[in-house]
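Asker: Here you go, my_file00.csv (CSV, C-alpha atoms and all ligand atoms):
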chain,number,residue,atom,x,y,z
L,7,MET,CA,67.5,-112.1,-27.9
L,8,SER,CA,64.4,-110.1,-26.9
L,9,SER,CA,65.0,-107.2,-24.6
L,10,ALA,CA,61.4,-107.4,-23.3
L,11,ARG,CA,60.9,-108.0,-19.7
L,12,SER,CA,58.6,-110.7,-18.4
L,13,ILE,CA,56.6,-109.4,-15.5
L,14,LEU,CA,54.0,-111.5,-13.6
L,15,HIS,CA,51.2,-109.9,-11.5
L,16,LEU,CA,49.2,-112.1,-9.1
L,17,ASP,CA,46.0,-111.1,-7.4
L,18,MET,CA,44.1,-113.4,-5.1
L,19,ASP,CA,40.4,-113.9,-6.0
L,20,ALA,CA,37.9,-112.4,-3.5
L,21,PHE,CA,40.7,-112.7,-1.0
L,22,PHE,CA,39.1,-112.1,2.5
L,23,ALA,CA,35.8,-113.9,1.5
L,24,SER,CA,37.7,-116.9,0.0
L,25,VAL,CA,39.8,-117.3,3.1
L,26,GLU,CA,36.6,-117.5,5.1
L,27,GLN,CA,35.1,-120.1,2.7
L,28,VAL,CA,38.3,-122.2,3.1
L,29,ASP,CA,38.4,-122.0,6.8
L,30,GLN,CA,34.6,-122.6,7.2
L,31,PRO,CA,33.8,-125.2,4.4
L,32,GLU,CA,30.1,-124.8,5.1
L,33,LEU,CA,30.4,-121.3,3.4
L,34,GLN,CA,31.6,-122.7,0.1
L,35,GLY,CA,29.4,-121.9,-2.8
L,36,LYS,CA,27.5,-119.4,-0.7
L,37,PRO,CA,27.4,-115.6,-0.9
L,38,VAL,CA,29.8,-114.3,1.7
L,39,ILE,CA,30.2,-110.6,2.5
L,40,VAL,CA,33.1,-109.3,4.6
L,41,GLY,CA,33.3,-105.8,6.0
L,42,GLY,CA,31.9,-103.5,8.7
L,43,ILE,CA,28.8,-105.4,9.4
L,44,SER,CA,26.8,-102.6,11.0
L,45,ASP,CA,24.5,-100.8,8.5
L,46,ARG,CA,26.9,-97.9,8.6
L,47,GLY,CA,29.9,-100.1,7.6
L,48,VAL,CA,31.4,-100.6,4.2
L,49,VAL,CA,31.9,-103.9,2.3
L,50,SER,CA,35.6,-104.9,2.2
L,51,THR,CA,34.9,-107.7,-0.3
L,52,ALA,CA,32.3,-110.1,-1.4
L,53,SER,CA,32.6,-113.7,-2.7
L,54,TYR,CA,31.8,-114.2,-6.4
L,55,GLU,CA,28.5,-115.7,-5.4
L,56,ALA,CA,27.5,-112.4,-3.7
L,57,ARG,CA,28.9,-110.3,-6.6
L,58,ARG,CA,26.2,-111.9,-8.9
L,59,PHE,CA,23.7,-109.8,-6.9
L,60,GLY,CA,25.7,-106.6,-7.5
L,61,VAL,CA,27.6,-106.5,-4.2
L,62,HIS,CA,31.1,-105.1,-4.5
L,63,SER,CA,34.0,-103.6,-2.4
L,64,ALA,CA,33.5,-100.1,-0.9
L,65,MET,CA,29.7,-100.4,-1.2
L,66,SER,CA,27.8,-99.4,1.9
L,67,MET,CA,26.8,-102.5,3.9
L,68,ALA,CA,23.2,-101.2,4.1
L,69,VAL,CA,23.0,-101.4,0.3
L,70,ALA,CA,24.7,-104.8,0.2
L,71,ARG,CA,22.1,-106.2,2.7
L,72,LYS,CA,19.3,-105.0,0.4
L,73,LEU,CA,20.9,-106.5,-2.7
L,74,CYS,CA,21.8,-109.9,-1.1
L,75,PRO,CA,19.9,-110.3,2.2
L,76,HIS,CA,20.5,-114.1,2.4
L,77,ALA,CA,24.3,-113.6,2.3
L,78,ILE,CA,26.6,-114.5,5.3
L,79,PHE,CA,27.9,-111.3,6.7
L,80,LEU,CA,31.3,-111.4,8.5
L,81,SER,CA,33.4,-108.7,10.1
L,82,GLY,CA,36.6,-110.3,9.0
L,83,ARG,CA,39.8,-111.6,10.7
L,84,HIS,CA,42.6,-109.4,9.5
L,85,ARG,CA,45.4,-111.3,11.3
L,86,ARG,CA,44.4,-114.5,9.5
L,87,TYR,CA,44.4,-112.7,6.1
L,88,GLY,CA,47.8,-111.3,7.0
L,89,GLN,CA,49.1,-114.7,7.9
L,90,ILE,CA,47.9,-116.3,4.6
L,91,SER,CA,49.3,-113.3,2.7
L,92,ARG,CA,52.8,-113.9,4.2
L,93,GLN,CA,52.6,-117.6,3.3
L,94,ILE,CA,51.7,-116.8,-0.3
L,95,MET,CA,54.5,-114.3,-0.6
L,96,HIS,CA,56.8,-117.0,0.8
L,97,THR,CA,55.6,-119.4,-1.9
L,98,LEU,CA,56.3,-116.8,-4.7
L,99,HIS,CA,59.9,-116.3,-3.4
L,100,ARG,CA,60.6,-120.0,-4.3
L,101,TYR,CA,60.3,-118.9,-8.0
L,102,SER,CA,62.1,-115.6,-8.1
L,103,PRO,CA,64.0,-113.5,-5.6
L,104,VAL,CA,62.4,-110.4,-7.2
L,105,VAL,CA,59.0,-110.3,-5.7
L,106,GLU,CA,57.2,-107.0,-4.9
L,107,LYS,CA,54.3,-107.3,-2.5
L,108,ALA,CA,51.9,-104.7,-3.8
L,109,SER,CA,49.1,-105.2,-1.3
L,110,ILE,CA,47.8,-107.8,1.1
L,111,ASP,CA,46.7,-110.0,-1.8
L,112,GLU,CA,48.8,-109.0,-4.8
L,113,ALA,CA,52.4,-109.2,-5.9
L,114,TYR,CA,54.6,-108.6,-8.9
L,115,MET,CA,57.4,-111.0,-9.9
L,116,ASP,CA,60.2,-110.4,-12.4
L,117,LEU,CA,60.6,-113.6,-14.5
L,118,THR,CA,62.9,-111.9,-17.0
L,119,GLY,CA,65.7,-114.3,-17.9
L,120,THR,CA,64.4,-117.2,-15.9
L,121,GLY,CA,63.3,-119.3,-18.9
L,122,ARG,CA,66.3,-121.7,-18.9
L,123,LEU,CA,65.9,-122.3,-15.2
L,124,LEU,CA,62.2,-122.4,-14.8
L,125,GLY,CA,60.7,-122.9,-18.3
L,126,PRO,CA,58.3,-120.6,-20.1
L,127,ALA,CA,56.6,-117.9,-18.0
L,128,PRO,CA,53.0,-119.2,-18.6
L,129,ASN,CA,54.1,-122.6,-17.3
L,130,VAL,CA,55.6,-120.9,-14.2
L,131,ALA,CA,52.3,-119.1,-13.7
L,132,LEU,CA,50.3,-122.3,-13.9
L,133,GLU,CA,52.7,-124.0,-11.5
L,134,ILE,CA,52.3,-121.1,-9.0
L,135,LYS,CA,48.5,-121.2,-9.3
L,136,LYS,CA,48.6,-125.0,-8.6
L,137,GLN,CA,50.9,-124.5,-5.7
L,138,ILE,CA,48.8,-121.9,-4.0
L,139,PHE,CA,45.6,-123.9,-4.5
L,140,THR,CA,47.3,-127.1,-3.1
L,141,GLU,CA,48.7,-125.3,-0.1
L,142,HIS,CA,45.7,-123.0,0.7
L,143,GLY,CA,42.7,-124.1,-1.3
L,144,LEU,CA,42.6,-120.6,-2.8
L,145,THR,CA,42.5,-119.4,-6.4
L,146,CYS,CA,44.2,-116.4,-7.8
L,147,SER,CA,44.5,-114.7,-11.2
L,148,ILE,CA,47.7,-114.0,-12.9
L,149,GLY,CA,48.7,-111.6,-15.7
L,150,LEU,CA,52.0,-111.9,-17.7
L,151,ALA,CA,53.2,-108.9,-19.7
L,152,PRO,CA,56.3,-106.9,-20.6
L,153,ASN,CA,55.8,-104.4,-17.7
L,154,LYS,CA,54.0,-103.9,-14.3
L,155,PHE,CA,51.1,-101.8,-15.6
L,156,LEU,CA,50.1,-104.3,-18.3
L,157,ALA,CA,50.6,-107.3,-16.1
L,158,LYS,CA,48.2,-105.8,-13.6
L,159,ILE,CA,45.6,-105.1,-16.2
L,160,ALA,CA,46.1,-108.7,-17.6
L,161,SER,CA,45.5,-110.3,-14.2
L,162,ASP,CA,42.1,-108.7,-14.0
L,163,LEU,CA,40.9,-109.8,-17.4
L,164,ASP,CA,40.1,-113.4,-16.7
L,165,LYS,CA,39.2,-113.2,-13.0
L,166,PRO,CA,38.5,-115.5,-11.1
L,167,ASP,CA,41.1,-118.3,-11.5
L,168,GLY,CA,42.5,-116.6,-14.6
L,169,LEU,CA,45.7,-116.5,-16.5
L,170,ARG,CA,46.1,-113.9,-19.2
L,171,VAL,CA,49.3,-113.3,-21.2
L,172,ILE,CA,49.9,-110.1,-23.2
L,173,PRO,CA,52.9,-110.9,-25.5
L,174,PRO,CA,55.1,-107.9,-26.3
L,175,GLU,CA,54.2,-107.9,-30.0
L,176,THR,CA,50.4,-107.6,-29.3
L,177,VAL,CA,50.8,-104.6,-27.0
L,178,PRO,CA,50.0,-101.9,-29.7
L,179,GLU,CA,46.8,-103.7,-30.7
L,180,PHE,CA,45.8,-104.4,-27.0
L,181,MET,CA,46.3,-100.7,-26.0
L,182,ALA,CA,44.4,-99.3,-29.0
L,183,ALA,CA,41.2,-100.9,-27.8
L,184,LEU,CA,41.7,-100.3,-24.0
L,185,PRO,CA,39.4,-97.8,-22.4
L,186,VAL,CA,41.2,-94.8,-20.8
L,187,THR,CA,39.5,-95.7,-17.5
L,188,ARG,CA,41.9,-98.6,-17.1
L,189,LEU,CA,44.9,-96.4,-17.0
L,190,PRO,CA,46.4,-96.0,-13.5
L,191,GLY,CA,46.1,-92.4,-12.2
L,192,VAL,CA,43.3,-91.5,-14.6
L,193,GLY,CA,40.4,-90.6,-12.3
L,194,ALA,CA,36.9,-89.3,-13.0
L,195,LYS,CA,38.1,-85.7,-13.7
L,196,THR,CA,40.7,-86.7,-16.3
L,197,VAL,CA,38.2,-89.1,-17.9
L,198,ALA,CA,35.7,-86.2,-18.2
L,199,ARG,CA,38.3,-83.9,-19.7
L,200,LEU,CA,39.4,-86.6,-22.2
L,201,LYS,CA,35.8,-87.2,-23.1
L,202,GLU,CA,35.4,-83.5,-24.1
L,203,LEU,CA,38.1,-84.2,-26.6
L,204,GLY,CA,36.3,-87.2,-27.9
L,205,ILE,CA,38.8,-89.5,-26.3
L,206,THR,CA,37.6,-92.7,-24.6
L,207,LEU,CA,40.2,-95.3,-25.7
L,208,CYS,CA,44.0,-95.4,-25.3
L,209,GLY,CA,44.3,-95.6,-29.1
L,210,HIS,CA,42.7,-92.1,-29.3
L,211,ILE,CA,45.4,-90.7,-27.0
L,212,SER,CA,48.1,-92.1,-29.3
L,213,GLN,CA,46.7,-90.3,-32.2
L,214,TYR,CA,48.2,-87.1,-30.8
L,215,SER,CA,51.9,-86.6,-30.2
L,216,SER,CA,53.7,-86.8,-26.9
L,217,GLU,CA,54.5,-83.0,-27.4
L,218,PHE,CA,50.7,-82.3,-27.7
L,219,TRP,CA,50.0,-84.0,-24.3
L,220,GLU,CA,53.0,-82.4,-22.7
L,221,ALA,CA,52.0,-78.9,-23.9
L,222,LYS,CA,48.5,-79.6,-22.5
L,223,TRP,CA,49.2,-81.3,-19.1
L,224,GLY,CA,53.0,-81.0,-18.6
L,225,GLN,CA,54.8,-84.1,-17.2
L,226,ARG,CA,51.5,-85.8,-16.5
L,227,GLY,CA,50.6,-85.4,-20.1
L,228,ARG,CA,53.8,-87.1,-21.2
L,229,SER,CA,53.3,-89.9,-18.8
L,230,LEU,CA,49.7,-90.4,-20.0
L,231,TYR,CA,51.0,-90.6,-23.6
L,232,ALA,CA,53.6,-93.3,-22.6
L,233,LEU,CA,51.0,-95.3,-20.6
L,234,ALA,CA,48.5,-95.2,-23.5
L,235,GLN,CA,51.2,-96.9,-25.7
L,236,GLY,CA,51.7,-99.6,-23.0
L,237,ILE,CA,55.1,-98.2,-22.0
L,238,ASP,CA,56.1,-98.5,-18.4
L,239,HIS,CA,59.7,-98.8,-17.3
L,240,SER,CA,58.9,-98.8,-13.5
L,241,PRO,CA,61.1,-101.4,-11.8
L,242,LEU,CA,60.0,-103.9,-9.2
L,243,MET,CA,60.6,-102.8,-5.7
L,244,PRO,CA,61.2,-106.0,-3.8
L,245,ARG,CA,61.2,-104.6,-0.3
L,246,ARG,CA,58.8,-101.8,-0.7
L,247,LYS,CA,58.3,-99.8,2.4
L,248,ALA,CA,55.0,-98.3,3.5
L,249,LYS,CA,54.5,-94.9,1.9
L,250,SER,CA,52.0,-93.6,4.4
L,251,CYS,CA,50.5,-94.5,7.8
L,252,GLY,CA,46.9,-93.6,8.6
L,253,ALA,CA,43.8,-94.2,10.8
L,254,GLU,CA,40.2,-93.4,10.2
L,255,ASP,CA,36.8,-94.0,11.9
L,256,THR,CA,33.2,-94.0,10.8
L,257,PHE,CA,31.1,-92.4,13.6
L,258,ALA,CA,28.1,-94.2,15.0
L,259,LYS,CA,26.2,-90.9,14.4
L,260,ASP,CA,26.9,-88.2,11.9
L,261,THR,CA,28.1,-84.9,13.5
L,262,ALA,CA,29.0,-81.4,12.7
L,263,ASP,CA,30.4,-80.7,16.2
L,264,ARG,CA,34.0,-79.8,15.8
L,265,GLU,CA,34.9,-80.7,19.3
L,266,ILE,CA,33.7,-84.3,18.7
L,267,ILE,CA,35.6,-84.5,15.4
L,268,LYS,CA,38.8,-83.1,17.1
L,269,ALA,CA,38.5,-85.7,19.9
L,270,TRP,CA,38.5,-88.4,17.1
L,271,LEU,CA,41.5,-86.7,15.5
L,272,LEU,CA,43.4,-86.9,18.8
L,273,HIS,CA,42.6,-90.6,19.1
L,274,GLN,CA,43.8,-91.1,15.5
L,275,SER,CA,46.9,-88.9,15.9
L,276,GLU,CA,47.9,-91.2,18.8
L,277,GLU,CA,47.4,-94.3,16.7
L,278,VAL,CA,49.3,-92.9,13.7
L,279,GLY,CA,52.1,-91.4,15.9
L,280,ARG,CA,52.6,-94.6,17.8
L,281,ALA,CA,52.7,-96.6,14.6
L,282,LEU,CA,55.3,-94.2,13.0
L,283,ARG,CA,57.5,-94.3,16.1
L,284,ARG,CA,57.3,-98.1,16.2
L,285,ILE,CA,58.6,-98.3,12.6
L,286,LYS,CA,61.1,-95.5,13.2
L,287,CYS,CA,59.6,-93.3,10.5
L,288,GLN,CA,58.7,-89.7,10.3
L,289,GLY,CA,56.6,-88.0,7.7
L,290,ARG,CA,56.3,-84.5,6.3
L,291,THR,CA,52.8,-84.5,5.0
L,292,VAL,CA,49.7,-84.7,7.2
L,293,THR,CA,46.4,-85.4,5.4
L,294,LEU,CA,43.0,-85.0,6.9
L,295,LYS,CA,40.1,-87.0,5.3
L,296,ILE,CA,36.5,-86.1,5.9
L,297,LYS,CA,33.5,-88.0,4.5
L,298,PHE,CA,30.2,-86.0,4.7
L,299,ASN,CA,26.8,-87.6,5.3
L,300,ASP,CA,26.1,-87.5,1.5
L,301,PHE,CA,29.3,-89.7,1.1
L,302,GLN,CA,31.3,-86.9,-0.5
L,303,THR,CA,34.9,-87.3,0.6
L,304,ILE,CA,37.4,-84.6,0.7
L,305,THR,CA,41.1,-84.5,1.7
L,306,ARG,CA,43.2,-81.6,2.8
L,307,ASN,CA,46.9,-81.8,3.5
L,308,ALA,CA,49.7,-79.7,5.0
L,309,THR,CA,53.4,-80.1,4.5
L,310,LEU,CA,55.5,-79.5,7.6
L,311,THR,CA,58.9,-77.9,7.6
L,312,ARG,CA,60.3,-81.0,9.3
L,313,PRO,CA,59.2,-84.6,9.3
L,314,THR,CA,57.4,-85.7,12.4
L,315,SER,CA,56.1,-88.7,14.3
L,316,CYS,CA,54.9,-86.6,17.3
L,317,THR,CA,51.3,-87.2,18.3
L,318,GLN,CA,50.8,-83.5,19.2
L,319,THR,CA,52.2,-82.2,16.0
L,320,ILE,CA,50.0,-84.5,13.9
L,321,TYR,CA,47.0,-83.6,16.0
L,322,HIS,CA,47.6,-79.8,15.8
L,323,THR,CA,48.2,-80.0,12.0
L,324,ALA,CA,45.0,-82.0,11.5
L,325,CYS,CA,43.0,-79.6,13.7
L,326,SER,CA,44.2,-76.5,11.7
L,327,LEU,CA,43.2,-78.3,8.5
L,328,LEU,CA,39.8,-78.9,10.0
L,329,ASP,CA,39.5,-75.3,11.2
L,330,LYS,CA,39.8,-74.2,7.6
L,331,LEU,CA,36.8,-76.3,6.5
L,332,SER,CA,33.3,-75.2,6.6
L,333,LEU,CA,31.1,-77.9,8.0
L,334,SER,CA,27.8,-77.1,6.2
L,335,ARG,CA,26.9,-80.8,6.3
L,336,SER,CA,27.3,-83.4,9.0
L,337,VAL,CA,30.4,-85.6,9.0
L,338,ARG,CA,30.3,-89.4,8.8
L,339,LEU,CA,33.9,-90.3,8.9
L,340,CYS,CA,37.2,-88.6,9.7
L,341,GLY,CA,40.8,-89.8,9.3
L,342,ILE,CA,44.4,-88.8,9.4
L,343,SER,CA,47.4,-90.0,7.5
L,344,VAL,CA,51.0,-89.1,7.5
L,345,SER,CA,53.1,-89.5,4.3
L,346,GLN,CA,56.3,-88.4,2.6
L,347,PHE,CA,58.4,-90.5,4.9
L,348,GLN,CA,62.0,-89.8,5.8
L,349,ALA,CA,64.2,-91.9,8.0
L,350,ARG,CA,64.2,-90.5,11.5
L,351,GLN,CA,67.1,-88.3,12.3
L,352,ALA,CA,67.9,-86.0,15.2
L,353,GLN,CA,68.1,-82.9,13.2
L,354,LEU,CA,68.5,-79.5,14.8
L,355,SER,CA,66.1,-76.8,13.6
L,356,LEU,CA,66.7,-73.1,13.6
L,357,PHE,CA,63.1,-72.7,14.5
L,358,PRO,CA,61.4,-74.1,17.6
L,359,GLU,CA,58.8,-76.6,16.7
L,360,ARG,CA,55.7,-77.8,18.3
L,361,ASN,CA,57.2,-81.0,19.7
L,362,PRO,CA,59.7,-79.9,22.3
L,363,ALA,CA,61.4,-82.4,24.4
L,364,SER,CA,58.5,-82.6,26.9
L,365,THR,CA,56.0,-83.8,24.3
L,366,ARG,CA,58.6,-86.2,22.8
L,367,ASP,CA,59.1,-87.6,26.3
L,368,LEU,CA,55.4,-87.9,26.7
L,369,ASP,CA,55.1,-89.9,23.5
L,370,ARG,CA,57.9,-92.1,24.7
L,371,ILE,CA,56.3,-92.8,28.0
L,372,VAL,CA,52.8,-93.4,26.5
L,373,ASP,CA,54.4,-95.8,23.9
L,374,ALA,CA,56.2,-97.7,26.7
L,375,ILE,CA,53.0,-98.0,28.8
L,376,THR,CA,50.8,-99.1,25.9
L,377,ALA,CA,53.4,-101.5,24.7
L,378,LYS,CA,53.3,-103.2,28.1
L,379,TYR,CA,49.7,-102.9,29.1
L,380,GLY,CA,47.8,-102.5,25.8
L,381,GLN,CA,46.2,-99.5,24.0
L,382,GLN,CA,43.5,-99.1,26.6
L,383,ALA,CA,45.9,-98.6,29.5
L,384,LEU,CA,46.4,-94.9,28.9
L,385,VAL,CA,43.7,-92.7,27.3
L,386,ARG,CA,43.8,-89.0,27.0
L,387,GLY,CA,40.8,-87.1,28.5
L,388,ALA,CA,39.3,-86.0,25.2
L,389,VAL,CA,39.5,-89.5,23.8
L,390,LEU,CA,37.9,-91.0,26.9
L,391,ASP,CA,34.8,-88.8,26.1
L,392,LEU,CA,34.4,-90.5,22.8
L,393,LYS,CA,33.3,-93.7,24.5
L,394,ASP,CA,30.0,-92.0,25.2
L,395,LYS,CA,29.7,-90.6,21.8
L,396,LYS,CA,30.5,-93.5,19.5
L,401,LIG,P1,41.1,-106.8,-4.1
L,401,LIG,O1,42.2,-107.7,-4.7
L,401,LIG,O2,40.8,-105.5,-4.7
L,401,LIG,O3,39.7,-107.6,-4.1
L,401,LIG,P2,39.4,-109.2,-3.9
L,401,LIG,O4,40.6,-110.0,-3.8
L,401,LIG,O5,38.5,-109.3,-2.8
L,401,LIG,O6,38.6,-109.6,-5.2
L,401,LIG,P3,39.2,-109.7,-6.7
L,401,LIG,O7,38.9,-111.2,-7.0
L,401,LIG,O8,38.4,-108.8,-7.5
L,401,LIG,O9,40.7,-109.4,-6.6
L,401,LIG,O10,41.4,-106.6,-2.6
L,401,LIG,C1,42.0,-107.6,-1.8
L,401,LIG,C2,41.4,-107.5,-0.4
L,401,LIG,O11,41.6,-106.3,0.2
L,401,LIG,C3,39.9,-107.8,-0.3
L,401,LIG,O12,39.6,-109.2,-0.3
L,401,LIG,C4,39.5,-107.1,0.9
L,401,LIG,C5,40.4,-105.9,1.0
L,401,LIG,N1,39.8,-104.7,0.5
L,401,LIG,C6,39.2,-103.8,1.4
L,401,LIG,O13,39.2,-104.1,2.6
L,401,LIG,N2,38.5,-102.7,0.9
L,401,LIG,C7,38.4,-102.4,-0.4
L,401,LIG,O14,37.8,-101.4,-0.8
L,401,LIG,C8,39.1,-103.3,-1.4
L,401,LIG,C9,39.0,-103.0,-2.8
L,401,LIG,C10,39.7,-104.4,-0.9
L,402,MG,MG,42.2,-109.7,-5.1
Would you encode the structure as structure tokens?
Ligand code: TTP
Ligand code: MG

Answerer:
Amino acid sequence: MSSARSILHLDMDAFFASVEQVDQPELQGKPVIVGGISDRGVVSTASYEARRFGVHSAMSMAVARKLCPHAIFLSGRHRRYGQISRQIMHTLHRYSPVVEKASIDEAYMDLTGTGRLLGPAPNVALEIKKQIFTEHGLTCSIGLAPNKFLAKIASDLDKPDGLRVIPPETVPEFMAALPVTRLPGVGAKTVARLKELGITLCGHISQYSSEFWEAKWGQRGRSLYALAQGIDHSPLMPRRKAKSCGAEDTFAKDTADREIIKAWLLHQSEEVGRALRRIKCQGRTVTLKIKFNDFQTITRNATLTRPTSCTQTIYHTACSLLDKLSLSRSVRLCGISVSQFQARQAQLSLFPERNPASTRDLDRIVDAITAKYGQQALVRGAVLDLKDKK
């Protein structure tokens, strides 16, 4: 019996835009662009009709408007997308108990050993596609492969409404011709360094030994070598918890004024702190994200001695990261995220920290009031000022 796993990856096609086209049938067959609809906003997604004009996710809305002025521009209805997403995940659970939701519109399923019960995996994939289309009028693309990494690549190959199978015996041939840019975790810098070595395809990576890559880039080198051969043992994580919690805002007007940026950071610290406290999580790493007016984005992070969900601690950490940055250009966006979660525990520290009982009490009181009367009920002074500045 083959020891190969059978992993399915499903990704909805142009998810937000397709939901809009189903809910408003008059939009069907038309270019639909969802995102921040002001000219300073960013495209979340575009229907395939709009993609023909070159519009894609993460593009500035101003550029999208130039490329496809006759499109229908929508700001999106995230609750609705979340609702459909949950229903789709529910459908998947009918086929296998091992479902990992990877994002709002994608999931992995482990079909290993389900052949006798459900039939061949490609038939299951077709059945799921049919089911989702019947229930929601939405198409998706599915990849089937011996591991998660290959299944994800496969689902992208025949988009939209695709189904691609990578049988285990074809993996070496498939990987040999795969561009290194398709490997997860291989960003622009690594691609450039590989190019210096004349390496553009995964097959080129495999021409050198695992030891070669390990000597060059350590553990990362070894992982790169394994991925380039199509090896990935990572298991499915059925109830994957959030790994980070963040908030960010694009300003209405670019600014280099640290006080204004700090007021936004306070607003975001409150949002993130409140969300962390709600899910009873604390994180040890605070990351500050800054996007300059030329769209260059940088992140800086600090790791705390103890995990936190305290608004003040998050805020002060983000401010000290900001203080170390030179703001030679104006800033377009700032954001904060907290990661490296640990379950909340009342641990005693030898060292006094920044969130003594009084600030924890303040967080608790603010949380209780905003839970009852909404987020606008209590606003700190510095945040109130933003209303004039946004
Ligand atoms: P994706 O699956 O990456 O994109 P998509 O479903 O719109 O299109 P595709 O057919 O290529 O899969 O993302 C799912 C949704 O997540 C997308 O509909 C909107 C949202 N999203 C953003 O808000 N911002 C982004 O930058 C991306 C990539 C997606
Ligand atoms: Mg998708």

Asker: Please provide as number ranges by chain all residues within 9 Å of L:Arg264, with the sequence filter that same-chain residues fewer than 2 positions apart are discarded (counting all atoms listed in the file).

Answerer: L: 261-262, 266-269, 328-329, 333

Asker: Excluding same-chain residues fewer than 6 positions from L:Arg366, what lies within 10 Å of it counting all atoms listed in the file, as a ChimeraX atom specification?

Answerer: /L:315-318,360,372

Asker: I'd like the neighbourhood of stretch 256-260 of chain L as a list in words, where a residue qualifies if any of its atoms comes within 7 Å (using only C-alpha atoms), though same-chain residues fewer than 2 positions away should be ignored.

Answerer: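 Answer for this query is Asn299, Ser336, Val337, Arg338, Leu339, Cys340 and Lys396 of chain L.
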
Asker: Take the residues that were just selected and, keeping C-alpha atoms, output them as a CSV table (one decimal), in the coordinates of the input.

Answerer:
chain,number,residue,atom,x,y,z
L,299,ASN,CA,26.8,-87.6,5.3
L,336,SER,CA,27.3,-83.4,9.0
L,337,VAL,CA,30.4,-85.6,9.0
L,338,ARG,CA,30.3,-89.4,8.8
L,339,LEU,CA,33.9,-90.3,8.9
L,340,CYS,CA,37.2,-88.6,9.7
L,396,LYS,CA,30.5,-93.5,19.5

Asker: Could you pull out the residues sitting within 9 Å of ligand LIG 401 (chain L), using only C-alpha atoms and all ligand atoms, and write them as a PyMOL selection string?

Answerer: chain L and resi 17-25+40-41+48-54+62-65+87+109-112+145-147+162+165-167

Asker: So, counting all atoms listed in the file, which residue among L:Arg71, L:His273, L:Arg283, L:His76 is closest to L:Cys251?

Answerer: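 Of L:Arg71, L:His273, L:Arg283, L:His76, the one nearest L:Cys251, counting all atoms listed in the file, is L:Arg283.
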